[in-house]
Structure formats: structure tokens, C-alpha cells
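Engineer: Below is the file query.csv, which contains CSV, C-alpha atoms.
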```csv
chain,number,residue,atom,x,y,z
A,982,MET,CA,144.9,275.9,155.9
A,983,THR,CA,144.1,279.5,155.1
A,984,SER,CA,146.1,280.9,152.1
A,985,PRO,CA,147.9,284.3,152.4
A,986,LEU,CA,145.2,285.8,150.2
A,987,GLN,CA,142.3,284.5,152.2
A,988,SER,CA,143.9,285.8,155.4
A,989,GLY,CA,144.3,289.3,154.0
A,990,ALA,CA,148.1,289.2,154.1
A,991,PRO,CA,149.9,291.7,151.9
A,992,ARG,CA,150.5,290.7,148.2
A,993,ARG,CA,154.3,290.6,148.7
A,994,SER,CA,153.8,287.9,151.4
A,995,PHE,CA,151.8,285.8,148.9
A,996,LEU,CA,154.5,286.3,146.2
A,997,LYS,CA,157.2,285.3,148.7
A,998,HIS,CA,155.4,282.1,149.5
A,999,ALA,CA,154.6,281.3,145.9
A,1000,SER,CA,158.2,281.9,144.8
A,1001,ALA,CA,159.5,279.6,147.5
A,1002,GLY,CA,157.0,276.9,146.4
A,1003,ALA,CA,158.0,277.2,142.8
A,1004,VAL,CA,161.7,276.8,143.7
A,1005,GLY,CA,160.9,273.8,145.8
A,1006,ALA,CA,158.9,272.2,143.0
A,1007,ALA,CA,161.6,272.9,140.4
A,1008,ALA,CA,164.2,271.3,142.7
A,1009,MET,CA,162.1,268.2,143.0
A,1010,ALA,CA,161.6,268.0,139.3
A,1011,ALA,CA,165.2,268.5,138.3
A,1012,PRO,CA,167.3,265.4,137.6
A,1013,MET,CA,169.6,264.2,140.3
A,1014,VAL,CA,173.2,265.0,139.5
A,1015,SER,CA,175.8,262.9,141.3
A,1016,ASN,CA,178.9,264.5,142.6
A,1017,ALA,CA,180.6,261.2,143.2
A,1018,GLN,CA,184.3,260.9,142.8
A,1019,THR,CA,185.7,259.7,139.4
A,1020,VAL,CA,185.8,255.9,139.1
A,1021,SER,CA,188.9,254.7,137.3
A,1022,LEU,CA,189.1,251.4,135.5
A,1023,ARG,CA,192.2,249.7,134.2
A,1024,PHE,CA,191.9,247.9,130.9
A,1025,GLN,CA,194.3,246.0,128.7
A,1026,SER,CA,194.0,245.3,125.0
A,1027,THR,CA,195.4,242.2,123.3
A,1028,TRP,CA,197.2,244.4,120.8
A,1029,PRO,CA,200.6,246.0,120.5
A,1030,ALA,CA,200.5,249.8,121.3
A,1031,LYS,CA,201.2,250.7,117.6
A,1032,ASP,CA,198.4,248.6,116.1
A,1033,ILE,CA,195.2,250.2,114.9
A,1034,PHE,CA,193.3,247.7,117.0
A,1035,HIS,CA,194.8,249.3,120.2
A,1036,GLU,CA,193.7,252.6,118.7
A,1037,TYR,CA,190.2,251.2,118.5
A,1038,ALA,CA,190.4,250.2,122.1
A,1039,ASN,CA,191.5,253.8,123.0
A,1040,ASP,CA,188.7,255.2,120.9
A,1041,PHE,CA,186.1,253.3,122.9
A,1042,ALA,CA,187.7,254.5,126.2
A,1043,LYS,CA,187.7,258.1,125.0
A,1044,LYS,CA,184.0,257.9,124.2
A,1045,VAL,CA,183.2,256.6,127.6
A,1046,ASN,CA,185.4,259.2,129.3
A,1047,ASP,CA,183.9,262.0,127.3
A,1048,MET,CA,180.3,260.9,127.8
A,1049,ALA,CA,180.7,260.2,131.5
A,1050,GLY,CA,181.6,263.9,132.1
A,1051,GLY,CA,184.5,263.1,134.4
A,1052,ARG,CA,182.7,260.5,136.6
A,1053,LEU,CA,184.3,257.5,134.9
A,1054,LYS,CA,187.7,257.1,133.4
A,1055,ILE,CA,189.0,254.1,131.5
A,1056,GLU,CA,192.7,253.7,130.9
A,1057,VAL,CA,193.8,251.2,128.3
A,1058,LEU,CA,197.2,249.5,128.4
A,1059,PRO,CA,198.7,247.6,125.4
A,1060,ALA,CA,199.1,243.8,125.3
A,1061,GLY,CA,201.5,242.3,127.8
A,1062,SER,CA,201.4,245.3,130.2
A,1063,VAL,CA,199.8,243.2,132.9
A,1064,VAL,CA,199.1,239.8,131.3
A,1065,PRO,CA,199.9,238.1,128.0
A,1066,ALA,CA,197.3,238.6,125.3
A,1067,PHE,CA,195.8,235.1,125.5
A,1068,GLN,CA,195.3,235.5,129.3
A,1069,LEU,CA,193.1,238.6,129.1
A,1070,LEU,CA,189.8,236.7,129.9
A,1071,ASP,CA,191.2,235.1,133.1
A,1072,ALA,CA,192.6,238.4,134.2
A,1073,VAL,CA,189.3,240.3,133.8
A,1074,ASN,CA,187.4,237.4,135.5
A,1075,LYS,CA,189.7,237.5,138.5
A,1076,GLY,CA,189.7,241.3,138.8
A,1077,THR,CA,193.4,241.6,138.0
A,1078,LEU,CA,192.1,243.9,135.3
A,1079,ASP,CA,188.8,245.7,135.3
A,1080,GLY,CA,188.3,245.1,131.6
A,1081,GLY,CA,189.9,244.5,128.3
A,1082,HIS,CA,189.6,244.7,124.5
A,1083,GLY,CA,190.2,241.7,122.2
A,1084,VAL,CA,188.4,239.0,120.2
A,1085,LEU,CA,186.5,236.0,121.2
A,1086,ALA,CA,188.7,233.7,119.1
A,1087,TYR,CA,191.5,234.2,121.7
A,1088,HIS,CA,189.3,232.3,124.2
A,1089,TYR,CA,189.1,229.3,121.9
A,1090,GLY,CA,190.9,227.1,124.5
A,1091,LYS,CA,188.2,227.7,127.1
A,1092,ASN,CA,185.3,226.6,124.8
A,1093,THR,CA,185.6,226.0,121.1
A,1094,ALA,CA,182.1,227.6,120.6
A,1095,LEU,CA,183.6,231.1,121.5
A,1096,ALA,CA,185.5,231.1,118.2
A,1097,LEU,CA,182.2,231.0,116.2
A,1098,TRP,CA,181.9,234.8,116.8
A,1099,GLY,CA,184.3,235.3,113.9
A,1100,SER,CA,186.0,232.2,112.6
A,1101,GLY,CA,184.6,230.4,109.6
A,1102,PRO,CA,182.1,231.5,106.9
A,1103,ALA,CA,179.2,232.0,109.3
A,1104,TYR,CA,176.7,230.4,106.8
A,1105,GLY,CA,177.4,233.3,104.4
A,1106,MET,CA,176.9,236.2,106.8
A,1107,ASP,CA,179.1,239.2,106.5
A,1108,PRO,CA,180.5,240.7,109.8
A,1109,ASN,CA,177.7,243.2,110.3
A,1110,MET,CA,175.1,240.4,109.9
A,1111,VAL,CA,177.0,238.3,112.5
A,1112,LEU,CA,176.6,241.3,114.8
A,1113,ALA,CA,172.9,241.5,114.0
A,1114,TRP,CA,172.6,237.8,114.9
A,1115,HIS,CA,174.4,238.4,118.2
A,1116,TYR,CA,172.1,241.3,119.3
A,1117,TYR,CA,168.8,240.3,117.6
A,1118,GLY,CA,169.1,236.7,116.7
A,1119,GLY,CA,170.0,235.1,120.1
A,1120,GLY,CA,173.8,235.1,120.1
A,1121,LYS,CA,174.1,237.4,123.1
A,1122,ALA,CA,172.1,235.0,125.3
A,1123,ILE,CA,174.2,232.0,124.2
A,1124,LEU,CA,177.4,233.8,124.8
A,1125,GLU,CA,176.3,234.5,128.4
A,1126,GLU,CA,175.4,230.9,128.7
A,1127,ILE,CA,178.9,229.8,127.6
A,1128,TYR,CA,180.6,232.1,130.1
A,1129,LYS,CA,178.3,230.9,132.9
A,1130,SER,CA,179.2,227.3,132.1
A,1131,LEU,CA,182.8,228.2,132.5
A,1132,ASN,CA,182.2,230.0,135.8
A,1133,ILE,CA,183.6,233.2,134.2
A,1134,ASP,CA,182.0,236.3,135.7
A,1135,VAL,CA,182.4,238.9,133.0
A,1136,VAL,CA,180.1,241.1,130.9
A,1137,SER,CA,180.9,240.9,127.2
A,1138,TYR,CA,180.1,243.6,124.6
A,1139,VAL,CA,180.6,242.3,121.1
A,1140,TYR,CA,181.1,245.2,118.6
A,1141,GLY,CA,183.1,246.4,115.6
A,1142,PRO,CA,182.5,244.3,112.5
A,1143,MET,CA,185.9,243.7,110.8
A,1144,PRO,CA,186.4,243.6,107.0
A,1145,THR,CA,187.1,240.2,105.4
A,1146,GLN,CA,190.6,239.1,106.4
A,1147,PRO,CA,193.2,238.1,103.8
A,1148,LEU,CA,194.3,234.5,103.5
A,1149,GLY,CA,197.6,235.7,104.6
A,1150,TRP,CA,201.2,236.6,103.9
A,1151,PHE,CA,203.3,234.1,102.0
A,1152,LYS,CA,207.0,233.9,101.0
A,1153,LYS,CA,205.7,232.5,97.7
A,1154,PRO,CA,202.1,233.0,96.4
A,1155,VAL,CA,199.9,229.9,96.6
A,1156,ALA,CA,198.0,228.9,93.4
A,1157,LYS,CA,196.4,225.6,94.5
A,1158,VAL,CA,195.4,223.7,97.7
A,1159,ASP,CA,198.6,221.5,97.5
A,1160,ASP,CA,200.7,224.6,97.9
A,1161,MET,CA,199.3,225.0,101.4
A,1162,LYS,CA,200.5,221.6,102.5
A,1163,GLY,CA,203.4,221.5,104.9
A,1164,LEU,CA,203.6,225.2,105.5
A,1165,LYS,CA,204.3,226.4,109.0
A,1166,PHE,CA,201.4,228.9,109.4
A,1167,ARG,CA,200.1,231.3,112.0
A,1168,THR,CA,196.4,231.7,112.7
A,1169,VAL,CA,194.0,231.5,115.8
A,1170,GLY,CA,190.7,230.1,116.9
A,1171,LEU,CA,188.8,227.6,114.7
A,1172,ALA,CA,190.9,228.8,111.8
A,1173,ILE,CA,193.5,226.6,113.4
A,1174,ASP,CA,191.4,223.5,112.6
A,1175,VAL,CA,190.5,224.7,109.1
A,1176,PHE,CA,194.2,225.3,108.1
A,1177,LYS,CA,195.1,221.9,109.6
A,1178,GLU,CA,192.6,220.3,107.3
A,1179,LEU,CA,194.3,222.1,104.4
A,1180,GLY,CA,197.6,220.5,105.5
A,1181,THR,CA,199.4,223.3,107.3
A,1182,ALA,CA,201.3,223.1,110.6
A,1183,VAL,CA,199.7,225.8,112.7
A,1184,ASN,CA,201.3,228.0,115.4
A,1185,PRO,CA,198.7,230.3,117.1
A,1186,LEU,CA,201.0,233.3,117.9
A,1187,PRO,CA,199.7,236.6,119.3
A,1188,GLY,CA,199.8,239.6,117.0
A,1189,GLY,CA,203.1,241.1,118.3
A,1190,GLU,CA,205.1,237.9,117.8
A,1191,ILE,CA,204.1,237.1,114.2
A,1192,VAL,CA,206.5,239.3,112.1
A,1193,PRO,CA,209.6,238.3,114.3
A,1194,ALA,CA,208.7,234.6,113.7
A,1195,LEU,CA,208.4,235.2,110.0
A,1196,ASP,CA,211.7,237.0,109.9
A,1197,ARG,CA,213.5,234.2,111.8
A,1198,GLY,CA,211.9,231.5,109.6
A,1199,LEU,CA,210.0,230.0,112.5
A,1200,ILE,CA,206.9,230.1,110.4
A,1201,ASP,CA,206.5,230.2,106.6
A,1202,ALA,CA,203.3,232.2,106.3
A,1203,ALA,CA,200.8,234.0,108.5
A,1204,GLU,CA,197.5,235.8,108.6
A,1205,PHE,CA,196.6,238.6,111.0
A,1206,ASN,CA,193.8,240.9,109.9
A,1207,ASN,CA,193.8,244.0,107.7
A,1208,ALA,CA,196.0,246.3,105.6
A,1209,SER,CA,196.5,248.8,108.4
A,1210,SER,CA,197.5,246.3,111.1
A,1211,ASP,CA,199.6,244.3,108.7
A,1212,ARG,CA,201.5,247.4,107.6
A,1213,ILE,CA,202.0,248.8,111.1
A,1214,LEU,CA,203.2,245.4,112.4
A,1215,GLY,CA,205.8,245.2,109.6
A,1216,PHE,CA,204.6,242.3,107.5
A,1217,ALA,CA,205.8,244.0,104.3
A,1218,ASP,CA,209.4,244.3,105.8
A,1219,VAL,CA,209.8,240.5,105.8
A,1220,VAL,CA,207.3,239.1,103.2
A,1221,LYS,CA,206.2,240.6,99.8
A,1222,ASN,CA,203.2,238.4,98.8
A,1223,CYS,CA,199.7,238.7,100.3
A,1224,MET,CA,196.7,236.6,99.3
A,1225,LEU,CA,193.4,238.4,99.6
A,1226,GLN,CA,190.0,236.9,100.4
A,1227,SER,CA,189.4,234.0,102.7
A,1228,PHE,CA,186.6,232.3,104.6
A,1229,HIS,CA,188.7,231.4,107.7
A,1230,GLN,CA,187.7,234.7,109.5
A,1231,SER,CA,185.4,236.5,107.2
A,1232,GLY,CA,182.9,237.8,109.8
A,1233,GLU,CA,185.0,238.6,113.0
A,1234,GLN,CA,184.1,241.0,115.7
A,1235,PHE,CA,185.9,242.7,118.6
A,1236,GLU,CA,184.9,242.1,122.2
A,1237,ILE,CA,185.0,244.6,125.1
A,1238,LEU,CA,185.1,242.8,128.4
A,1239,PHE,CA,184.2,244.1,131.9
A,1240,ASN,CA,184.7,242.4,135.2
A,1241,LYS,CA,181.1,241.8,136.2
A,1242,GLY,CA,181.4,243.0,139.8
A,1243,LYS,CA,183.1,246.2,138.8
A,1244,LEU,CA,180.5,247.0,136.1
A,1245,GLU,CA,177.5,246.3,138.3
A,1246,ALA,CA,179.0,248.5,141.0
A,1247,LEU,CA,178.6,251.5,138.7
A,1248,PRO,CA,175.5,253.7,138.8
A,1249,ALA,CA,172.9,252.8,136.2
A,1250,GLU,CA,173.5,256.0,134.2
A,1251,LEU,CA,177.2,255.1,133.8
A,1252,ARG,CA,176.4,251.6,132.7
A,1253,ASN,CA,174.1,253.2,130.1
A,1254,VAL,CA,177.0,255.4,129.0
A,1255,ILE,CA,179.1,252.3,128.4
A,1256,THR,CA,176.3,250.6,126.4
A,1257,HIS,CA,175.9,253.5,124.1
A,1258,ALA,CA,179.6,254.1,123.8
A,1259,VAL,CA,180.0,250.5,122.6
A,1260,GLU,CA,177.3,251.1,119.9
A,1261,ALA,CA,178.9,254.4,118.9
A,1262,SER,CA,182.4,252.8,118.8
A,1263,SER,CA,181.1,250.0,116.6
A,1264,ALA,CA,180.0,252.5,113.9
A,1265,ASP,CA,183.0,254.7,114.3
A,1266,MET,CA,185.4,251.7,114.0
A,1267,SER,CA,183.7,250.6,110.8
A,1268,TRP,CA,184.1,254.0,109.2
A,1269,LYS,CA,187.7,254.4,110.3
A,1270,ALA,CA,188.6,251.0,109.0
A,1271,ILE,CA,187.4,251.9,105.5
A,1272,GLN,CA,189.4,255.1,105.5
A,1273,ARG,CA,192.6,253.7,107.0
A,1274,ASN,CA,192.6,250.2,105.4
A,1275,SER,CA,192.0,251.6,101.9
A,1276,GLN,CA,194.9,254.1,102.3
A,1277,ASP,CA,197.3,251.5,103.8
A,1278,TYR,CA,196.4,249.1,101.0
A,1279,ILE,CA,197.6,251.7,98.5
A,1280,GLU,CA,200.7,252.3,100.6
A,1281,LEU,CA,201.5,248.6,100.7
A,1282,LYS,CA,201.3,248.4,96.9
A,1283,THR,CA,203.1,251.6,96.0
A,1284,LYS,CA,205.6,252.3,98.8
A,1285,ASP,CA,206.2,248.8,100.2
A,1286,LYS,CA,206.1,247.0,96.8
A,1287,VAL,CA,203.8,244.2,98.1
A,1288,LYS,CA,202.2,242.0,95.4
A,1289,PHE,CA,198.6,241.2,96.1
A,1290,TYR,CA,196.8,238.1,94.7
A,1291,LYS,CA,193.3,237.0,94.9
A,1292,THR,CA,193.0,233.7,96.7
A,1293,PRO,CA,192.1,231.0,94.1
A,1294,ASP,CA,188.5,229.8,94.2
A,1295,ALA,CA,189.8,226.2,94.6
A,1296,ILE,CA,191.4,227.2,97.9
A,1297,LEU,CA,188.2,229.0,99.0
A,1298,ARG,CA,186.1,226.0,98.2
A,1299,ALA,CA,188.6,223.8,100.1
A,1300,GLN,CA,188.2,226.0,103.1
A,1301,LEU,CA,184.4,225.6,103.0
A,1302,ALA,CA,184.8,221.8,102.8
A,1303,ALA,CA,187.3,221.8,105.6
A,1304,TRP,CA,185.0,224.0,107.7
A,1305,ASP,CA,182.2,221.5,107.3
A,1306,LYS,CA,184.4,218.7,108.7
A,1307,VAL,CA,185.5,220.9,111.6
A,1308,ILE,CA,182.1,222.0,112.7
A,1309,ALA,CA,180.6,218.5,112.4
A,1310,ALA,CA,183.3,217.2,114.7
A,1311,LYS,CA,183.1,220.1,117.2
A,1312,ALA,CA,179.3,220.0,117.3
A,1313,GLY,CA,179.4,216.3,118.2
A,1314,GLU,CA,181.7,217.0,121.1
A,1315,ASN,CA,180.2,220.2,122.4
A,1316,PRO,CA,176.4,220.9,122.9
A,1317,LEU,CA,177.0,224.7,123.2
A,1318,PHE,CA,179.0,224.7,119.9
A,1319,LYS,CA,176.0,222.9,118.2
A,1320,LYS,CA,173.6,225.5,119.8
A,1321,VAL,CA,175.6,228.4,118.4
A,1322,LEU,CA,175.7,226.8,114.9
A,1323,GLU,CA,171.9,226.1,114.9
A,1324,SER,CA,171.1,229.7,116.0
A,1325,GLN,CA,173.5,231.2,113.4
A,1326,LYS,CA,172.1,229.0,110.6
A,1327,ALA,CA,168.5,229.9,111.2
A,1328,PHE,CA,169.3,233.6,111.3
A,1329,ALA,CA,171.6,233.4,108.2
A,1330,GLN,CA,169.1,231.6,106.1
A,1331,ARG,CA,166.5,234.3,106.5
A,1332,ALA,CA,168.8,237.4,106.7
A,1333,GLY,CA,171.1,236.1,104.0
A,1334,GLU,CA,168.3,235.5,101.5
A,1335,TRP,CA,167.1,239.1,102.1
A,1336,GLN,CA,170.5,240.6,101.8
A,1337,ASN,CA,171.5,238.6,98.7
A,1338,ASP,CA,168.3,239.4,96.9
A,1339,TYR,CA,168.1,243.1,97.8
A,1340,MET,CA,171.7,244.3,97.6
A,1341,VAL,CA,173.0,245.5,94.3
A,1342,ASP,CA,176.4,244.4,92.9
A,1343,PHE,CA,178.5,247.5,94.0
A,1344,LYS,CA,181.5,246.0,92.1
A,1345,MET,CA,179.6,246.6,88.8
A,1346,ALA,CA,179.3,250.3,89.5
A,1347,TRP,CA,182.9,250.6,90.7
A,1348,ASN,CA,184.1,248.9,87.5
A,1349,HIS,CA,181.9,251.2,85.4
A,1350,TYR,CA,183.7,254.3,86.8
A,1351,PHE,CA,187.2,253.2,87.6
A,1352,ARG,CA,188.2,250.2,85.5
A,1353,ALA,CA,188.3,250.5,81.8
A,1354,PRO,CA,186.9,247.7,79.8
A,1355,ALA,CA,189.4,245.3,78.2
A,1356,LYS,CA,190.3,246.2,74.6
A,1357,LYS,CA,189.2,243.7,72.0
A,1358,ALA,CA,192.1,242.0,70.1
```
Let me see the structure of the file written as C-alpha cells.
Structural biologist:
Amino acid sequence: MTSPLQSGAPRRSFLKHASAGAVGAAAMAAPMVSNAQTVSLRFQSTWPAKDIFHEYANDFAKKVNDMAGGRLKIEVLPAGSVVPAFQLLDAVNKGTLDGGHGVLAYHYGKNTALALWGSGPAYGMDPNMVLAWHYYGGGKAILEEIYKSLNIDVVSYVYGPMPTQPLGWFKKPVAKVDDMKGLKFRTVGLAIDVFKELGTAVNPLPGGEIVPALDRGLIDAAEFNNASSDRILGFADVVKNCMLQSFHQSGEQFEILFNKGKLEALPAELRNVITHAVEASSADMSWKAIQRNSQDYIELKTKDKVKFYKTPDAILRAQLAAWDKVIAAKAGENPLFKKVLESQKAFAQRAGEWQNDYMVDFKMAWNHYFRAPAKKA
């Protein structure tokens, strides 16, 4: 084909053709922008509307909504709006809900192995290390295998490492293992089995029902999670003693659930938005927890007049011994439970050695600046 220049055509004719070609090439090179209508997804959390955990669920939704630029909108309802908290997994699987926000321990009744993403000492891993195991040590693949074995068609995003949870709220502080015996106690997941080994009578109530049960005397003591949640839910209104530090849920995570069909129907770029929003929310939640939990801890002590006690080492050691009995029994009954344990143990042995050898004792520095040395007699 003869070009405009070769044919002797005027220069303006050549420029016209060149300009049109450049525009066409630019159009081909530009990314495709979809003008599809907004996709709306209805989520439910397993938390009361006033709890900071429900706030975390809304934080995730806002990140997705903002990053999606109007193409995807997630609305989050509080616990009980559509289904009770412990029925979230079934509702998402069936499509009654498009997704949800909760914890894996709430699915304990489906398969005991699901509670290992949070319950127990996790072979000495802190919550962030448990997340590292999930994403880089094989946990994610095993979780998918567990859901597949249950014919549950969901996509699970584990995120949000929680700080170590207190032993709980007690009408009288506990000083020894025998003080736990006979107490009517609230907990969930595999912690149920641990506290049963310690002699308590366990009632696995959802978050919104705990304080009313304490107030009416239906339970004697309870654990939930953190200073902010405990204060918002009103623990300090009915009980004034809180025991800090415990191995029953020392490395727990949150879980964001999607109905698999609904998620896979989204364009790839929106699925990527969700993945990165989960990662961003995990970091943001960790930072917010430090800010809010530390402030509410002060408020509980000063305004609410709560007395805090460190859980005695004897009780912590008894928890570890109880945990060993529980996991030995569960592993003998459930091959997937055993598979999770073996995977966690292998990762924890390597990662824990590195962390324990490398990390400085931050408490030493804090004491140096904020806690005066005891005066000599």
C-alpha cells in the first residue's frame, strides 16, 4: 500500500492519517474500564452492632467499597439480623448471605479442626505467626480441604491477628487450679474442652448473650476477647475482677467468608480488590487494636474500677497439660485435626526458634522507662 507521502498527497493529509492511527493505537493500549452496574453484597457479622469487632467488619467493607470505585458495595449487618451468630457459615454456604465476618472457632461443631485457627497455645506461636503459618506454611490449603470435606462451598479469608485474650471475668479472682472447679463458665471452640479439663461447666454463648447471663447468675465467669469489646459489652457493669493472660485462645484470627458462587461471579479485578482489602484490613485492625485496647484498659481500671490480676502460672501450666490431653484425643478421632496439628508444629518449631532467639525482651525496655525499681528495705 502506498503511503500518503509516497503518493505525493499534501502534508496535512499525512498528519490526519497519522493522528488517527495514534489515537487508535492509544485506545488499544489503554486498560479496559468496565462500566458495569454496582454489585451489592449482603454480609452479616457474628458480633453485636456496638462491638469493636463489628467495627472491624465495617472497616473491611469500607476498604472494599472505596477501592472498587463504586463497582462493588458490601453492606454488613450485625449478628442476628438474618441468622444467629453460630449459623453464619451455613447461611453463607446456602447463599442466604453473600458473606460474613466471624471466627473459625464458631464452626467448631462442623469439624473440631476448624478451632485450631485460634484455640490453644499453637505450639508457642503468637497470632501473627499463626497467620504466617496459614498463608505460607500450608494452613490455607488444609482449611480448604476441611471445607470441601464438609461440602461447604465458601471462600475463606483468614486475617486480623488478635492480641492474647484474658482468662476471663470472675466474680472472685482465681488463685489456683482448684478455684476453677465447678464454675459455670462461658467460652467457645476447643477452649470448651480445655476448661472442661480444668473442671468448669462450660456454656458456649455468643458474644451478645454473655453479660446478661452473668448478670442473671446463669454463669459464674466468662471470657470474651479484649479490653475494648469487654468494656463495650458491659462486663464491668456486672463483674469487677478480670484475670489477664491465658493459653486458651492466645493466637486467634478473624475470618471473612464469601459464598463461593457469588465471589467467582465477580470480575477478576474485583476479586483482587477483595484480596488486597483483606491484607490491608489485617494490618489496620492490628494497629487499631493497640490504640483502642490500651485506652479501654486504662478506662476499665480508672473509671470502671475493675481489678486486674495476672493469671497464676499454675493455671497456665494446667491449661497446657489440659490442651495436650484434648489434642491427643481429637487427633485420634479426626485425621484432618491431626493434619493441622502436624503442619502447625513443623512451622512453629522453625519459626518459633527464630522469633524467640531474635526478638529482644521489650518488657525490659518498658520497665526501664515507666516502672521505677523497687526500693531496698
Engineer: So how far away is CA of Pro1147 (chain A) from CA of Asn1274 (chain A), in Å?
Structural biologist: 12.2 Å
Engineer: Compare A:Pro1029, A:Gly1119, A:Pro1187, A:Pro1142 by their minimum atom-to-atom distance to Asp1265 (chain A), counting all atoms listed in the file, and give me the closest one.
Structural biologist: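 Of all the options, A:Pro1142 lies closest to Asp1265 (chain A).
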Engineer: Looking at A:Gly1120, A:Lys1091, A:Gly1188, A:Lys1157, which one is nearest to Gly1061 (chain A), with distances taken over all atoms listed in the file?
Structural biologist: A:Gly1188
Engineer: Identify the residues within 12 Å of coordinate (168.4, 228.6, 108.0) (same frame as the file), considering all atoms listed in the file, and give the answer as a ChimeraX atom specification.
Structural biologist: /A:1103-1106,1118,1322-1334
Engineer: Within 12 Å of Asn1046 (chain A), counting only C-alpha atoms, which residues show up once you throw out same-chain ones fewer than 2 positions away? Write them as a list of chain:residue names, please.
Structural biologist: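 Residues meeting the cut-off are A:Thr1019, A:Val1020, A:Ser1021, A:Leu1022, A:Asn1039, A:Asp1040, A:Phe1041, A:Ala1042, A:Lys1043, A:Lys1044, A:Met1048, A:Ala1049, A:Gly1050, A:Gly1051, A:Arg1052, A:Leu1053, A:Lys1054, A:Ile1055, A:Glu1056, A:Val1057, A:Leu1251, A:Val1254, A:Ile1255, A:Ala1258.
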Engineer: Check the smallest atom-to-atom distance from each of A:Asn1348, A:Ser1227, A:Ser1210, A:Ser1026 to Leu1297 (chain A) using all atoms listed in the file, then report the winner.
Structural biologist: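 For Leu1297 (chain A), the nearest of the candidates is A:Ser1227.
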Engineer: Which distance in Å separates CA of Lys1288 (chain A) and CA of Gln1146 (chain A), to one decimal?
Structural biologist: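 Taking CA of Lys1288 (chain A) and CA of Gln1146 (chain A), their separation equals 16.2 Å.
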Engineer: Using only C-alpha atoms, pick whichever of A:Ala1086, A:Val1135, A:Ala1156, A:Ala1310 has the shortest atom-to-atom distance to Asp1071 (chain A).
Structural biologist: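 Using only C-alpha atoms, the shortest distance to Asp1071 (chain A) belongs to A:Val1135.
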Engineer: Provide the CA of Tyr1037 (chain A) to CA of Ala1217 (chain A) distance in Å, to one decimal place.
Structural biologist: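 It comes out at 22.3 Å.
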Engineer: Out of A:Val1073, A:Leu1171, A:Val1111, A:Leu1247, which residue has the shortest atom-to-atom distance to Ile1133 (chain A) when counting only C-alpha atoms?
Structural biologist: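 Between A:Val1073, A:Leu1171, A:Val1111, A:Leu1247, the residue approaching Ile1133 (chain A) most closely is A:Val1073.
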Engineer: Need to verify the contact set: His1082 (chain A), 9 Å, all atoms listed in the file, exclusion of same-chain residues closer than 5 positions in sequence. Can you return it as a PDB file with C-alpha atoms, keeping the file's coordinate frame?
Structural biologist:
```pdb
ATOM      1  CA  PHE A1024     191.900 247.900 130.900  1.00  0.00           C
ATOM      2  CA  GLN A1025     194.300 246.000 128.700  1.00  0.00           C
ATOM      3  CA  SER A1026     194.000 245.300 125.000  1.00  0.00           C
ATOM      4  CA  THR A1027     195.400 242.200 123.300  1.00  0.00           C
ATOM      5  CA  TRP A1028     197.200 244.400 120.800  1.00  0.00           C
ATOM      6  CA  PHE A1034     193.300 247.700 117.000  1.00  0.00           C
ATOM      7  CA  HIS A1035     194.800 249.300 120.200  1.00  0.00           C
ATOM      8  CA  TYR A1037     190.200 251.200 118.500  1.00  0.00           C
ATOM      9  CA  ALA A1038     190.400 250.200 122.100  1.00  0.00           C
ATOM     10  CA  VAL A1057     193.800 251.200 128.300  1.00  0.00           C
ATOM     11  CA  LEU A1069     193.100 238.600 129.100  1.00  0.00           C
ATOM     12  CA  PHE A1235     185.900 242.700 118.600  1.00  0.00           C
ATOM     13  CA  GLU A1236     184.900 242.100 122.200  1.00  0.00           C
ATOM     14  CA  ILE A1237     185.000 244.600 125.100  1.00  0.00           C
ATOM     15  CA  LEU A1238     185.100 242.800 128.400  1.00  0.00           C
TER      16      LEU A1238
END
```
Engineer: Given only C-alpha atoms as the basis, pick out the residue of A:Lys1165, A:His1229, A:His1088, A:Lys1311 nearest to Ala1299 (chain A).
Structural biologist: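 Between A:Lys1165, A:His1229, A:His1088, A:Lys1311, the residue approaching Ala1299 (chain A) most closely is A:His1229.
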Engineer: At a cut-off of 9 Å around the point (193.5, 245.7, 104.6) (file coordinates), what residues fall inside when counting all atoms listed in the file? I'd like the answer as a ChimeraX atom specification.
Structural biologist: /A:1144-1147,1206-1212,1225,1270-1271,1273-1278
Engineer: Return region 1277-1289 of chain A, completed with N, CA and C atoms, as a tab-separated table (two decimals), in the frame of the given file.
Structural biologist:
```tsv
chain	number	residue	atom	x	y	z
A	1277	ASP	N	196.11	252.36	103.53
A	1277	ASP	CA	197.30	251.50	103.80
A	1277	ASP	C	197.41	250.44	102.67
A	1278	TYR	N	196.31	250.03	102.08
A	1278	TYR	CA	196.40	249.10	101.00
A	1278	TYR	C	197.14	249.72	99.79
A	1279	ILE	N	196.86	250.99	99.52
A	1279	ILE	CA	197.60	251.70	98.50
A	1279	ILE	C	199.07	251.84	98.83
A	1280	GLU	N	199.34	252.18	100.11
A	1280	GLU	CA	200.70	252.30	100.60
A	1280	GLU	C	201.51	251.03	100.46
A	1281	LEU	N	200.86	249.93	100.80
A	1281	LEU	CA	201.50	248.60	100.70
A	1281	LEU	C	201.91	248.32	99.26
A	1282	LYS	N	201.02	248.66	98.33
A	1282	LYS	CA	201.30	248.40	96.90
A	1282	LYS	C	202.34	249.31	96.32
A	1283	THR	N	202.26	250.60	96.65
A	1283	THR	CA	203.10	251.60	96.00
A	1283	THR	C	204.46	251.79	96.71
A	1284	LYS	N	204.42	251.98	98.01
A	1284	LYS	CA	205.60	252.30	98.80
A	1284	LYS	C	206.38	250.99	99.20
A	1285	ASP	N	205.63	250.00	99.64
A	1285	ASP	CA	206.20	248.80	100.20
A	1285	ASP	C	206.43	247.69	99.14
A	1286	LYS	N	205.89	247.92	97.93
A	1286	LYS	CA	206.10	247.00	96.80
A	1286	LYS	C	205.58	245.59	97.08
A	1287	VAL	N	204.47	245.52	97.78
A	1287	VAL	CA	203.80	244.20	98.10
A	1287	VAL	C	203.00	243.82	96.84
A	1288	LYS	N	203.05	242.55	96.52
A	1288	LYS	CA	202.20	242.00	95.40
A	1288	LYS	C	201.00	241.32	96.05
A	1289	PHE	N	199.83	241.73	95.61
A	1289	PHE	CA	198.60	241.20	96.10
A	1289	PHE	C	197.97	240.23	95.06
```
